[in-house]
>>> print(open('entry37.txt').read())   # compact mmCIF, C-alpha atoms
# COMPACT_ATOMS: atom_id res chain seq x y z
CA MET I 20 79.24 145.38 140.46
CA PHE I 21 82.35 145.47 138.41
CA ALA I 22 82.19 141.77 137.48
CA LYS I 23 78.54 142.12 136.49
CA GLU I 24 79.35 144.92 134.06
CA MET I 25 82.18 142.93 132.45
CA VAL I 26 79.97 139.84 132.08
CA LYS I 27 77.14 141.89 130.58
CA GLN I 28 79.39 143.57 128.01
CA SER I 29 81.55 140.61 127.00
CA LEU I 30 79.24 137.60 127.15
CA PRO I 31 77.04 138.31 124.08
CA LEU I 32 80.12 138.97 121.92
CA LEU I 33 81.83 135.80 123.18
CA ILE I 34 78.75 133.67 122.43
CA ILE I 35 78.60 135.13 118.89
CA CYS I 36 82.32 134.39 118.40
CA GLY I 37 81.64 130.88 119.71
CA ILE I 38 78.86 130.38 117.16
CA GLY I 39 81.32 131.51 114.46
CA GLY I 40 83.63 128.86 115.92
CA ILE I 41 80.90 126.22 115.60
CA ILE I 42 80.49 127.06 111.88
CA THR I 43 84.28 126.77 111.43
CA GLY I 44 84.29 123.53 113.42
CA SER I 45 81.44 122.01 111.41
CA THR I 46 83.38 122.69 108.19
CA PHE I 47 86.48 121.22 109.87
CA SER I 48 84.50 118.11 110.75
CA ALA I 49 82.97 117.88 107.24
CA MET I 50 86.56 117.54 105.92
CA ARG I 51 87.15 114.22 107.73
CA SER I 52 87.55 112.07 104.62
CA ILE I 53 89.87 114.69 103.05
CA PHE I 54 92.16 114.54 106.10
CA GLU I 55 92.35 110.78 105.72
CA ALA I 56 93.10 111.09 101.99
CA ILE I 57 95.75 113.84 102.30
CA PRO I 58 98.26 113.12 105.12
CA GLY I 59 99.69 116.25 106.76
CA LEU I 60 96.73 118.45 105.83
CA ILE I 61 95.29 118.58 109.36
CA VAL I 62 98.68 119.91 110.59
CA VAL I 63 98.39 123.16 108.62
CA VAL I 64 94.88 124.11 109.80
CA PRO I 65 95.72 125.88 113.12
CA GLY I 66 98.68 127.67 111.49
CA VAL I 67 96.76 128.97 108.46
CA ILE I 68 93.85 130.15 110.63
CA ALA I 69 96.18 131.92 113.11
CA LEU I 70 98.19 133.48 110.26
CA ARG I 71 95.03 134.80 108.66
CA GLY I 72 93.88 136.31 111.97
CA ASN I 73 97.21 138.00 112.64
CA ILE I 74 97.71 139.42 109.14
CA SER I 75 94.17 140.68 108.61
CA THR I 76 93.72 142.23 112.07
CA ALA I 77 97.09 143.98 111.62
CA LEU I 78 95.88 145.30 108.25
CA GLY I 79 92.61 146.43 109.85
CA SER I 80 94.34 148.24 112.70
CA ARG I 81 96.90 149.87 110.35
CA LEU I 82 94.07 151.18 108.17
CA GLY I 83 92.33 152.36 111.35
CA SER I 84 95.45 154.31 112.34
CA ALA I 85 95.76 155.66 108.78
CA TYR I 86 92.23 156.99 109.18
CA HIS I 87 93.09 158.68 112.50
CA LEU I 88 96.23 160.18 110.91
CA GLY I 89 94.11 161.55 108.08
CA VAL I 90 96.02 159.59 105.43
CA ILE I 91 92.88 157.90 104.10
CA ASP I 92 89.23 158.93 104.43
CA ALA I 93 85.88 158.14 102.81
CA GLU I 94 86.52 160.47 99.83
CA ASN I 95 90.14 159.50 99.35
CA MET I 96 90.37 155.80 100.11
CA VAL I 97 91.93 154.13 97.10
CA ASN I 98 95.35 155.76 97.12
CA GLU I 99 99.01 154.73 97.20
CA GLU I 100 99.02 154.24 101.01
CA LEU I 101 96.18 151.74 100.76
CA TRP I 102 97.93 149.84 97.96
CA GLN I 103 101.19 149.57 99.93
CA ASN I 104 99.21 148.09 102.84
CA ILE I 105 97.43 145.57 100.64
CA ILE I 106 100.57 144.50 98.75
CA GLY I 107 102.41 144.10 102.07
CA SER I 108 99.64 141.88 103.51
CA LEU I 109 99.35 139.70 100.40
CA LEU I 110 103.12 139.21 100.20
CA LEU I 111 103.28 138.26 103.90
CA SER I 112 100.47 135.74 103.34
CA PHE I 113 102.31 134.18 100.41
CA ILE I 114 105.68 133.90 102.21
CA MET I 115 104.16 132.58 105.44
CA SER I 116 101.97 130.05 103.58
CA CYS I 117 105.11 128.61 101.93
CA ILE I 118 106.76 128.38 105.38
CA ILE I 119 103.70 126.67 106.95
CA GLY I 120 103.57 124.09 104.14
CA LEU I 121 107.29 123.34 104.41
CA LEU I 122 107.23 123.11 108.21
CA ALA I 123 104.19 120.82 108.17
CA TYR I 124 105.95 118.56 105.65
CA ILE I 125 109.28 118.40 107.53
CA THR I 126 107.74 117.88 111.00
CA SER I 127 105.46 115.16 109.61
CA LEU I 128 108.48 113.30 108.18
CA LEU I 129 110.15 113.47 111.59
CA LEU I 130 107.03 111.94 113.18
CA GLY I 131 106.81 109.13 110.63
CA VAL I 132 103.98 110.49 108.45
CA TYR I 133 104.84 110.84 104.76
CA PRO I 134 102.79 113.54 103.00
CA ASN I 135 103.14 114.43 99.33
CA PRO I 136 105.05 117.74 99.60
CA TYR I 137 103.78 119.19 96.29
CA ILE I 138 100.11 118.56 97.12
CA LEU I 139 100.46 119.78 100.72
CA ILE I 140 102.41 122.96 99.95
CA SER I 141 100.24 123.95 96.98
CA ILE I 142 97.05 123.52 99.05
CA VAL I 143 98.47 125.82 101.76
CA ILE I 144 99.62 128.48 99.28
CA ILE I 145 96.33 128.53 97.35
CA ALA I 146 94.25 128.61 100.56
CA GLY I 147 96.52 131.26 102.15
CA VAL I 148 96.55 133.62 99.17
CA ILE I 149 92.84 133.30 98.27
CA SER I 150 91.68 133.80 101.88
CA SER I 151 94.07 136.75 102.11
CA VAL I 152 92.54 138.42 99.03
CA ILE I 153 88.98 137.81 100.28
CA LEU I 154 89.76 139.19 103.74
CA ALA I 155 91.63 142.22 102.37
CA LEU I 156 88.56 143.07 100.26
CA LEU I 157 86.31 142.48 103.27
CA THR I 158 88.51 144.75 105.43
CA ILE I 159 88.34 147.55 102.86
CA LEU I 160 84.58 147.15 102.57
CA ILE I 161 84.10 147.24 106.37
CA ILE I 162 86.38 150.27 106.74
CA PHE I 163 84.62 152.05 103.88
CA LEU I 164 81.18 151.48 105.46
CA VAL I 165 82.50 152.47 108.90
CA PHE I 166 84.05 155.69 107.49
CA ARG I 167 80.84 156.72 105.81
CA ARG I 168 78.93 156.42 109.05
CA GLY I 169 81.63 158.35 110.88
CA TYR I 170 82.40 155.54 113.36
CA ASP I 171 85.86 154.67 114.65
CA PRO I 172 87.16 151.71 112.56
CA ASP I 173 89.31 150.53 115.51
CA ASN I 174 86.17 149.37 117.34
CA ILE I 175 84.69 147.43 114.44
CA THR I 176 87.37 145.78 112.29
CA GLY I 177 88.92 143.54 114.99
CA PRO I 178 85.81 141.61 116.11
CA ALA I 179 84.33 141.55 112.58
CA LEU I 180 87.51 140.07 111.09
CA ALA I 181 87.87 137.61 113.97
CA THR I 182 84.36 136.30 113.33
CA PHE I 183 84.46 136.09 109.50
CA GLY I 184 88.18 135.33 109.15
CA ASP I 185 88.16 131.78 110.54
CA VAL I 186 85.12 130.71 108.54
CA VAL I 187 86.50 132.15 105.27
CA THR I 188 89.89 130.54 105.90
CA ILE I 189 88.65 127.02 106.65
CA LEU I 190 86.37 127.19 103.58
CA CYS I 191 89.41 128.18 101.48
CA ILE I 192 91.43 125.24 102.88
CA PHE I 193 88.47 122.93 102.11
CA GLY I 194 88.13 124.32 98.58
CA SER I 195 91.78 124.13 97.65
CA ALA I 196 92.12 120.62 99.17
CA VAL I 197 89.24 119.43 96.99
CA LEU I 198 90.72 121.20 93.96
CA ILE I 199 94.32 119.96 94.35
CA GLY I 200 93.34 116.57 95.83
CA GLY I 201 90.97 116.06 92.90
CA PHE I 202 93.76 116.62 90.37
CA ALA I 203 96.15 114.28 92.16
CA MET U 23 104.24 158.27 102.21
CA ILE U 24 103.81 156.57 105.61
CA TYR U 25 103.43 152.93 104.60
CA SER U 26 105.64 150.81 102.39
CA TRP U 27 105.07 147.15 101.60
CA LYS U 28 108.74 146.43 102.31
CA ASN U 29 108.46 147.65 105.90
CA ILE U 30 105.16 145.84 106.44
CA VAL U 31 106.75 142.56 105.32
CA LYS U 32 110.00 143.19 107.22
CA HIS U 33 108.25 143.99 110.51
CA GLY U 34 105.66 141.23 110.13
CA LEU U 35 107.90 138.27 109.36
CA PRO U 36 109.69 137.62 112.71
CA LEU U 37 106.54 137.58 114.89
CA LEU U 38 104.55 135.58 112.31
CA THR U 39 107.35 133.00 111.99
CA VAL U 40 107.42 132.43 115.77
CA CYS U 41 103.62 132.20 115.79
CA VAL U 42 103.60 129.67 112.93
CA LEU U 43 106.31 127.52 114.54
CA ILE U 44 104.13 127.18 117.65
CA GLU U 45 100.93 126.58 115.65
CA ILE U 46 102.64 123.69 113.83
CA ILE U 47 102.96 121.99 117.23
CA ALA U 48 99.19 122.38 117.68
CA GLY U 49 98.72 120.91 114.20
CA GLN U 50 100.96 117.93 114.93
CA ILE U 51 99.03 117.17 118.15
CA LEU U 52 95.91 117.03 115.95
CA GLN U 53 97.62 114.72 113.45
CA ILE U 54 98.84 112.35 116.19
CA ASN U 55 95.22 112.09 117.42
CA GLN U 56 93.75 112.12 113.92
CA ASP U 57 92.20 108.63 114.13
CA LEU U 58 90.45 109.47 117.39
CA LEU U 59 89.09 112.73 115.94
CA VAL U 60 88.16 111.48 112.47
CA SER U 61 86.62 108.10 113.12
CA LEU U 62 85.71 108.00 116.82
CA PHE U 63 84.76 111.51 118.00
CA PRO U 64 84.20 113.96 115.12
CA ILE U 65 82.23 116.10 117.61
CA PHE U 66 85.58 117.29 118.98
CA LEU U 67 86.59 118.52 115.52
CA VAL U 68 83.55 120.81 115.73
CA SER U 69 84.64 121.90 119.24
CA ILE U 70 88.33 122.73 118.61
CA PRO U 71 87.83 126.09 116.81
CA VAL U 72 85.28 127.04 119.51
CA ILE U 73 87.65 126.18 122.38
CA ASN U 74 90.46 128.16 120.75
CA SER U 75 88.48 131.23 119.70
CA VAL U 76 86.67 131.67 123.04
CA GLY U 77 89.90 131.12 125.03
CA GLY U 78 91.83 133.56 122.83
CA ASN U 79 89.06 136.15 123.09
CA ILE U 80 88.78 135.97 126.88
CA GLY U 81 92.57 136.24 127.18
CA SER U 82 92.64 139.23 124.82
CA ILE U 83 89.80 141.01 126.66
CA LEU U 84 91.54 140.47 129.99
CA GLY U 85 94.88 141.58 128.54
CA ALA U 86 93.38 144.72 127.02
CA ARG U 87 91.65 145.59 130.32
CA LEU U 88 94.86 145.09 132.29
CA ALA U 89 96.86 147.09 129.75
CA SER U 90 94.43 150.02 130.01
CA GLY U 91 94.43 149.76 133.81
CA LEU U 92 98.23 149.80 133.91
CA HIS U 93 98.41 152.77 131.54
CA VAL U 94 95.86 154.78 133.53
CA GLY U 95 97.27 153.68 136.88
CA THR U 96 94.15 152.05 138.40
CA ILE U 97 95.88 148.64 138.45
CA THR U 98 99.29 148.18 140.03
CA LEU U 99 102.08 145.79 139.11
CA SER U 100 101.15 143.05 141.57
CA VAL U 101 99.21 139.80 141.67
CA LYS U 102 97.98 140.84 145.14
CA ASP U 103 96.24 143.89 143.65
CA LYS U 104 92.50 143.80 144.38
CA LYS U 105 91.49 144.98 140.89
CA MET U 106 93.81 142.41 139.32
CA GLN U 107 92.18 139.57 141.31
CA GLU U 108 88.73 140.85 140.42
CA ASN U 109 89.62 140.83 136.71
CA LEU U 110 91.01 137.27 136.93
CA PHE U 111 87.96 135.98 138.78
CA THR U 112 85.59 137.54 136.24
CA ALA U 113 87.52 136.06 133.30
CA ILE U 114 87.17 132.57 134.80
CA LEU U 115 83.46 133.11 135.52
CA ILE U 116 82.83 134.29 131.94
CA GLY U 117 84.78 131.28 130.65
CA PHE U 118 82.64 128.89 132.69
CA ILE U 119 79.35 130.36 131.41
CA THR U 120 80.47 130.68 127.77
CA TYR U 121 81.92 127.17 127.50
CA GLY U 122 78.88 125.69 129.25
CA VAL U 123 76.38 127.33 126.88
CA LEU U 124 78.42 126.53 123.77
CA ALA U 125 79.04 122.90 124.83
CA ILE U 126 75.28 122.25 125.02
CA LEU U 127 74.76 124.02 121.68
CA ILE U 128 77.53 121.98 119.99
CA TYR U 129 76.12 118.73 121.37
CA PHE U 130 72.66 119.33 119.95
CA ILE U 131 74.04 120.52 116.62
CA ALA U 132 76.15 117.34 116.50
CA VAL U 133 73.12 115.16 117.33
CA PHE U 134 71.25 116.90 114.53
CA GLY U 135 74.18 116.34 112.13
CA GLY U 136 74.47 112.66 113.07
CA LEU U 137 77.94 113.03 114.65
CA VAL U 138 77.18 111.71 118.13
CA GLU U 139 77.40 107.99 118.57
CA GLU U 140 80.06 107.36 121.16
CA ILE U 141 79.55 109.99 123.85
CA GLY U 142 76.75 111.24 126.12
CA LEU U 143 75.78 114.86 126.87
CA THR U 144 77.09 114.87 130.46
CA LYS U 145 80.46 113.47 129.49
CA PHE U 146 80.80 115.85 126.55
CA VAL U 147 79.83 118.95 128.56
CA SER U 148 82.20 118.00 131.39
CA ILE U 149 85.09 117.54 128.93
CA LEU U 150 84.44 120.95 127.37
CA LEU U 151 83.92 122.69 130.72
CA GLY U 152 87.08 121.11 132.15
CA THR U 153 89.13 122.08 129.10
CA GLY U 154 87.61 125.56 128.96
CA VAL U 155 88.03 126.48 132.62
CA LEU U 156 91.59 125.15 132.82
CA LEU U 157 92.42 126.95 129.56
CA VAL U 158 90.99 130.29 130.78
CA LEU U 159 92.87 129.87 134.08
CA VAL U 160 96.22 129.26 132.33
CA ILE U 161 95.57 131.90 129.64
CA SER U 162 94.65 134.47 132.31
CA PHE U 163 97.97 133.95 134.07
CA VAL U 164 99.84 134.14 130.75
CA SER U 165 97.87 137.28 129.91
CA VAL U 166 98.71 138.91 133.27
CA ALA U 167 102.35 137.82 133.02
CA THR U 168 102.67 139.17 129.46
CA ALA U 169 101.01 142.46 130.41
CA LEU U 170 103.27 142.90 133.46
CA TRP U 171 106.41 141.83 131.61
CA SER U 172 105.85 144.03 128.56
CA PHE U 173 104.91 146.98 130.81
CA LYS U 174 108.16 146.55 132.75
CA GLN U 175 110.15 146.31 129.50
CA GLY U 176 108.63 149.58 128.33
CA LEU U 177 106.70 147.83 125.55
CA ASP U 178 103.02 148.52 124.93
CA PRO U 179 100.99 145.60 126.40
CA ASP U 180 98.32 146.32 123.75
CA ASP U 181 100.71 145.06 121.05
CA MET U 182 101.96 142.03 122.94
CA VAL U 183 99.12 140.34 124.83
CA ALA U 184 96.77 139.36 121.97
CA PRO U 185 99.30 137.52 119.72
CA VAL U 186 101.03 135.79 122.67
CA VAL U 187 97.76 134.71 124.27
CA THR U 188 96.06 133.43 121.09
CA THR U 189 99.10 131.47 119.87
CA PHE U 190 99.86 129.95 123.25
CA GLY U 191 96.14 129.26 123.82
CA ASP U 192 95.83 127.26 120.59
CA VAL U 193 98.47 124.73 121.67
CA VAL U 194 97.44 124.52 125.32
CA GLY U 195 93.71 124.32 124.46
CA ILE U 196 94.23 121.31 122.18
CA LEU U 197 96.52 119.66 124.77
CA PHE U 198 93.94 120.13 127.57
CA LEU U 199 91.17 118.79 125.33
CA PHE U 200 93.01 115.49 124.77
CA LEU U 201 93.92 115.37 128.46
CA PHE U 202 90.25 115.59 129.47
CA ILE U 203 89.13 113.17 126.73
CA GLY U 204 91.65 110.72 128.21
CA VAL U 205 90.39 111.23 131.75
CA VAL U 206 86.62 111.19 131.08
CA VAL U 207 86.22 108.67 128.24
>>> encode(input="entry37.txt", output="structure tokens")
Amino acid sequence: MFAKEMVKQSLPLLIICGIGGIITGSTFSAMRSIFEAIPGLIVVVPGVIALRGNISTALGSRLGSAYHLGVIDAENMVNEELWQNIIGSLLLSFIMSCIIGLLAYITSLLLGVYPNPYILISIVIIAGVISSVILALLTILIIFLVFRRGYDPDNITGPALATFGDVVTILCIFGSAVLIGGFA
Amino acid sequence: MIYSWKNIVKHGLPLLTVCVLIEIIAGQILQINQDLLVSLFPIFLVSIPVINSVGGNIGSILGARLASGLHVGTITLSVKDKKMQENLFTAILIGFITYGVLAILIYFIAVFGGLVEEIGLTKFVSILLGTGVLLVLVISFVSVATALWSFKQGLDPDDMVAPVVTTFGDVVGILFLFLFIGVVV
């Protein structure tokens, strides 16, 4: 009985997340020639995607709590509390992107692969910051729509960000690799 | 004011740094196998985000259910607990169904996109099912262990299980995938 209920409630959501994964994976696979042209790039992909997920879901759940605490609501959304949250998330994205780029470069050297550090690190920073801005805007939009309908943002932001976040992030990595790789 | 960007950055950095250090291992496993992925089996590049997101999601669902059960008191701190076993069994069952459905879907999308030259449907589905079921099994135990451990430490399992399970799952999922590619192909 119990197992049936869990399967019924979770399965559709998991399949939808999986289809989101297929879109991410297809983009990943479309980048094959870029991975061959830019050594070290494939190393940063899991890190940037995981970073994006952690930072944006934390932002979403903080804004959800802020709503429950009455700090922000549909009439009073763009205030100082919201800005502090957004600045904090963007700064974390920037710092962590620098760290991912550096780590990918150093560990590659140790394993005998020699990436161009400037190209690699600038791709990670551009992809990290741009995806962070897009997802912060998306989070605010989702929370705004959820507020107006009177739903609890805690139930919506997590799955929505998990589904869109990966796709947006891999597209940003693709875009900045083409941009920076093209200049080099 | 409740929030300040300084606190958000200060509290976020340690956990994110640990997470990124582990994810770099996952990335290096991909780079070591880059030739195999890029020229021989690009279909597995399509599969990797699917394997990781489904595994992470099942682990997080299980973790959240266990955390709620522990808070409310319907689940006790033991692997012998009936409810605990029921939850584990269901997670593995859901994993089997989800990975099976998605494997078939990926294969036909890959055929459509011209990515499949070197591998047949049966082999591909068995690699994904093997990876998926083993991953869910390991992730479930990590999820239970993290929930029990954080509960004993007086930490909220709701904060701990999802980041631990998704980060750990990314590395283990990619490792299992290459293990099964090695065995089947």
>>> residues_around(input="entry37.txt", residues="stretch 30-39 of chain U", least_positions_apart="5", cutoff="12 Å", atoms="only C-alpha atoms", output="count of residues only")
42
>>> residues_around(input="entry37.txt", residues="stretch 138-145 of chain U", least_positions_apart="6", cutoff="8 Å", atoms="all atoms listed in the file", output="list in words")
Leu62, Phe63, Pro64, Ile65, Ile126, Tyr129, Ala132, Val206 and Val207 of chain U
>>> residues_near_point(input="entry37.txt", point="(98.4, 121.1, 112.2)", cutoff="10 Å", atoms="all atoms listed in the file", output="list in words")
Gly59, Leu60, Ile61, Val62, Val63, Val64, Pro65, Gly66, Val67, Ile119, Leu122, Ala123, Thr126 and Ser127 of chain I; Ile44, Glu45, Ile46, Ile47, Ala48, Gly49, Gln50, Ile51, Leu52, Gln53 and Ile54 of chain U
>>> closest_residue(input="entry37.txt", among="I:Ala196, I:Arg168, I:Leu30, I:Asp185", to="I:Ile140", atoms="only C-alpha atoms")
I:Ala196
>>> atom_distance(input="entry37.txt", atom1="atom CA of U:Gly78", atom2="atom CA of U:Glu108")
19.3 Å
>>> residues_around(input="entry37.txt", residues="stretch 114-125 of chain U", least_positions_apart="4", cutoff="8 Å", atoms="all atoms listed in the file", output="PyMOL selection string")
(chain I and resi 26+30+33-34+37-38) or (chain U and resi 69+73+76-77+80+110+129+146-147+150-151+154-155+158-159)
>>> closest_residue(input="entry37.txt", among="U:Phe111, U:Phe134, U:Ala89, U:Leu84", to="U:Val187", atoms="all atoms listed in the file")
U:Leu84
>>> atom_distance(input="entry37.txt", atom1="atom CA of U:Leu197", atom2="atom CA of I:Gly39")
21.9 Å
>>> closest_residue(input="entry37.txt", among="U:Leu157, U:Leu59, U:Val68, U:Val40", to="chain I", atoms="only C-alpha atoms")
U:Val68
>>> axis_aligned_box(input="entry37.txt", around="stretch 106-109 of chain U", padding_each_side="8 Å", output="JSON")
{"center_x": 91.3, "center_y": 141.0, "center_z": 139.0, "size_x": 21.1, "size_y": 18.8, "size_z": 20.6}
>>> atom_distance(input="entry37.txt", atom1="atom CA of U:Thr96", atom2="atom CA of U:Leu170")
13.8 Å
>>> residues_near_point(input="entry37.txt", point="(90.1, 123.3, 103.2)", cutoff="9 Å", atoms="only C-alpha atoms", output="PyMOL selection string")
chain I and resi 46-47+50+53+60+64+142-143+146+188-197
>>> decode(input="entry37.txt", residues="stretch 150-181 of chain U", atoms="C-alpha atoms", output="PDB file, in the first residue's frame")
ATOM      1  CA  LEU U 150      22.061   1.927 -17.456  1.00  0.00           C
ATOM      2  CA  LEU U 151      19.917  -0.389 -15.311  1.00  0.00           C
ATOM      3  CA  GLY U 152      23.001  -1.889 -13.660  1.00  0.00           C
ATOM      4  CA  THR U 153      24.479   1.549 -12.958  1.00  0.00           C
ATOM      5  CA  GLY U 154      21.132   2.946 -11.804  1.00  0.00           C
ATOM      6  CA  VAL U 155      20.158   0.141  -9.440  1.00  0.00           C
ATOM      7  CA  LEU U 156      23.623  -0.091  -7.873  1.00  0.00           C
ATOM      8  CA  LEU U 157      23.692   3.703  -7.524  1.00  0.00           C
ATOM      9  CA  VAL U 158      20.256   3.841  -5.845  1.00  0.00           C
ATOM     10  CA  LEU U 159      21.295   1.001  -3.519  1.00  0.00           C
ATOM     11  CA  VAL U 160      24.499   2.778  -2.435  1.00  0.00           C
ATOM     12  CA  ILE U 161      22.831   6.216  -2.296  1.00  0.00           C
ATOM     13  CA  SER U 162      19.989   4.806  -0.162  1.00  0.00           C
ATOM     14  CA  PHE U 163      22.452   3.497   2.399  1.00  0.00           C
ATOM     15  CA  VAL U 164      24.341   6.808   2.379  1.00  0.00           C
ATOM     16  CA  SER U 165      21.023   8.618   2.739  1.00  0.00           C
ATOM     17  CA  VAL U 166      19.953   6.449   5.698  1.00  0.00           C
ATOM     18  CA  ALA U 167      23.408   6.730   7.295  1.00  0.00           C
ATOM     19  CA  THR U 168      23.454  10.527   6.886  1.00  0.00           C
ATOM     20  CA  ALA U 169      19.918  10.851   8.274  1.00  0.00           C
ATOM     21  CA  LEU U 170      20.734   8.650  11.297  1.00  0.00           C
ATOM     22  CA  TRP U 171      24.107  10.295  11.908  1.00  0.00           C
ATOM     23  CA  SER U 172      22.846  13.879  11.680  1.00  0.00           C
ATOM     24  CA  PHE U 173      19.829  13.003  13.855  1.00  0.00           C
ATOM     25  CA  LYS U 174      22.149  11.562  16.520  1.00  0.00           C
ATOM     26  CA  GLN U 175      24.395  14.641  16.325  1.00  0.00           C
ATOM     27  CA  GLY U 176      21.384  16.869  16.931  1.00  0.00           C
ATOM     28  CA  LEU U 177      21.608  18.316  13.400  1.00  0.00           C
ATOM     29  CA  ASP U 178      18.549  18.636  11.173  1.00  0.00           C
ATOM     30  CA  PRO U 179      18.642  15.777   8.600  1.00  0.00           C
ATOM     31  CA  ASP U 180      16.704  18.062   6.220  1.00  0.00           C
ATOM     32  CA  ASP U 181      19.801  20.271   5.876  1.00  0.00           C
TER      33      ASP U 181
END
